[in-house]
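J.: Below you will find the structure I want to go over with you.
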Amino acid sequence: MCRHLGWLGAPVAVSTLVLDPPHSLRVQSYAPRRQKHGLMNADGWGVGFFGRASGDFSDEGVPRRWRSPAPLWGDASFASVAPALRSHCVVAAVRSATVGMPIEASATAPFTDGQWLLSHNGVVDRALLPVPRLAESVCDSAILAATIFERGMDALGDTIVEIGDADPLARLNILAANGSRLVATTWGDTLSILRRDDGVVLASEPYDDDPRWEDVPDRHVVDVAAGGVTFIPLV
Ligand code: GLN
């Protein structure tokens, strides 16, 4: 299973979320603390973020991505640039490829439909998914992402329950953001939430030992927006 992390809040340097904390995604790429499936996450990484209007140039709402099929811990170029990347909304992941799935940048989260960034931590039987038009890769997560995009993010909970019922072995932990909302599901793996003074972090596992981290119960949707945080059970 992969590890992922999302941020919605004040603009911060991407490095402060993904590289700097003592148990950041960089460390989780070789020594995750709560991973139940797989030992490490060496099959690639991806960081996506949204820009904001500045001066007369605006890329507000445009998702930007940097993905690689190599381990995050060895990427000196990303480590050099990440302190200069600032964003109020980030989705990042490190990958442990499921057996049989391609190891390539296009199979690495976050996936996008041009509006949302989406990561999947888990596994799903591709034969049980409808064939979406715009999957970025034949990887199960890319097909699942395209299926979720086609059905619309407002139906995320219904889509997860439907696929989970069809594939009882599926693990369907989604993390997605569109610049003003950060949404996650728990279905078979861990998720924690950290409510900081300057924003909210959702992460497969805590990136430090801050006592404010809370575990999210399994089979829930977590919805983070300016109005606050909502937990909805998935039944
Ligand atoms: N099944 C997905 C893949 O192969 C995700 C794997 C995971 O969560 N470790 O990339």
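If you're wondering about the labels, chains in the structure tokens are A, B, ... by order shown, residues count from 1 in each chain, ligands from 1 in order shown.
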Report as a list in words: the residues of region 64-126 of chain A with a DSSP assignment of strand (DSSP E), based on the backbone of this structure.
T.: Arg64, Arg65, Trp66, Arg67, Ser68, Arg86, Ser87, His88, Cys89, Val90, Val91, Ala92, Ala93, Val94, Phe111, Thr112, Leu117, Leu118, Ser119, His120, Asn121, Gly122 and Val123 of chain A
J.: What do you get as a list in words if you pick all residues at most 8 Å from ligand 1, counting only C-alpha atoms and all ligand atoms?
T.: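 Those residues are Met1, Cys2, Arg3, His37, Gly38, Asn41, Arg95, Ser96, Ala97, Thr98, Val99, Gly100, Met101, Pro102, Ile103, Ala107, Thr108, Ala109, His120, Asn121, Gly122, Val123, Val124, Cys139, Asp140 and Ser141 of chain A.
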J.: What's the separation between CA of Thr230 (chain A) and CA of Ile193 (chain A), in Å to one decimal place?
T.: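 Value for the CA of Thr230 (chain A)-CA of Ile193 (chain A) distance: 11.6 Å.
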J.: DSSP on the backbone: what in region 45-220 of chain A comes out alpha helix (DSSP H), as a PyMOL selection string?
T.: chain A and resi 76-81+140-151+156-166
J.: Given the choices A:Val62, A:Arg34, A:Pro211, A:Arg52, which gets closest to Asp189 (chain A) if the distance is worked out from only C-alpha atoms?
T.: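 Result for the nearest residue to Asp189 (chain A): A:Arg34.
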J.: Point out the residue among A:Leu5, A:Ile143, A:Cys89, A:Ala170 with the least atom-to-atom distance to Ser106 (chain A), counting only C-alpha atoms.
T.: A:Ile143
J.: To one decimal place, how far is CA of Leu128 (chain A) from CA of Asp223 (chain A) in Å?
T.: 26.7 Å
J.: Which of these residues is nearest to Ala79 (chain A), using only C-alpha atoms: A:Ser15, A:Ser119, A:Ser137, A:Ser24?
T.: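 So, comparing all the options, the nearest one is A:Ser15.
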J.: Quote the spacing between CA of Leu72 (chain A) and CA of Leu118 (chain A) in Å to one decimal place.
T.: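 One can read the CA of Leu72 (chain A) to CA of Leu118 (chain A) distance as 18.4 Å.
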J.: Which of these residues is nearest to Ala146 (chain A), using only C-alpha atoms: A:Ala184, A:Val161, A:Leu129, A:Val81?
T.: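 Selected residue with least distance to Ala146 (chain A): A:Leu129.
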J.: For region 163-169 of chain A, find every residue with an atom within 12 Å (counting only C-alpha atoms), except residues of its own chain fewer than 4 positions away, and show them as number ranges by chain.
T.: A: 122-130, 144, 147-148, 156-159, 173, 185-188, 219, 234-235
J.: Identify, on the basis of only C-alpha atoms, every residue whose closest approach to Asp210 (chain A) does not exceed 12 Å; exclude the query and any residue fewer than 5 positions from it along the same chain; express the result as a list of chain:residue names.
T.: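 Using only C-alpha atoms, the neighbours found are A:Pro21, A:Pro22, A:His23, A:Ser192, A:Ile193, A:Leu194, A:Arg195, A:Arg196, A:Glu205.
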J.: Write out as a PyMOL selection string which residues come within 6 Å of Ala93 (chain A) when counting only C-alpha atoms, dropping same-chain ones fewer than 6 positions away.
T.: chain A and resi 3-4+45-46
J.: Just checking: using only C-alpha atoms, which residue out of A:Ala105, A:Leu19, A:Asp209, A:Met40 ends up closest to Ala76 (chain A)?
T.: A:Leu19
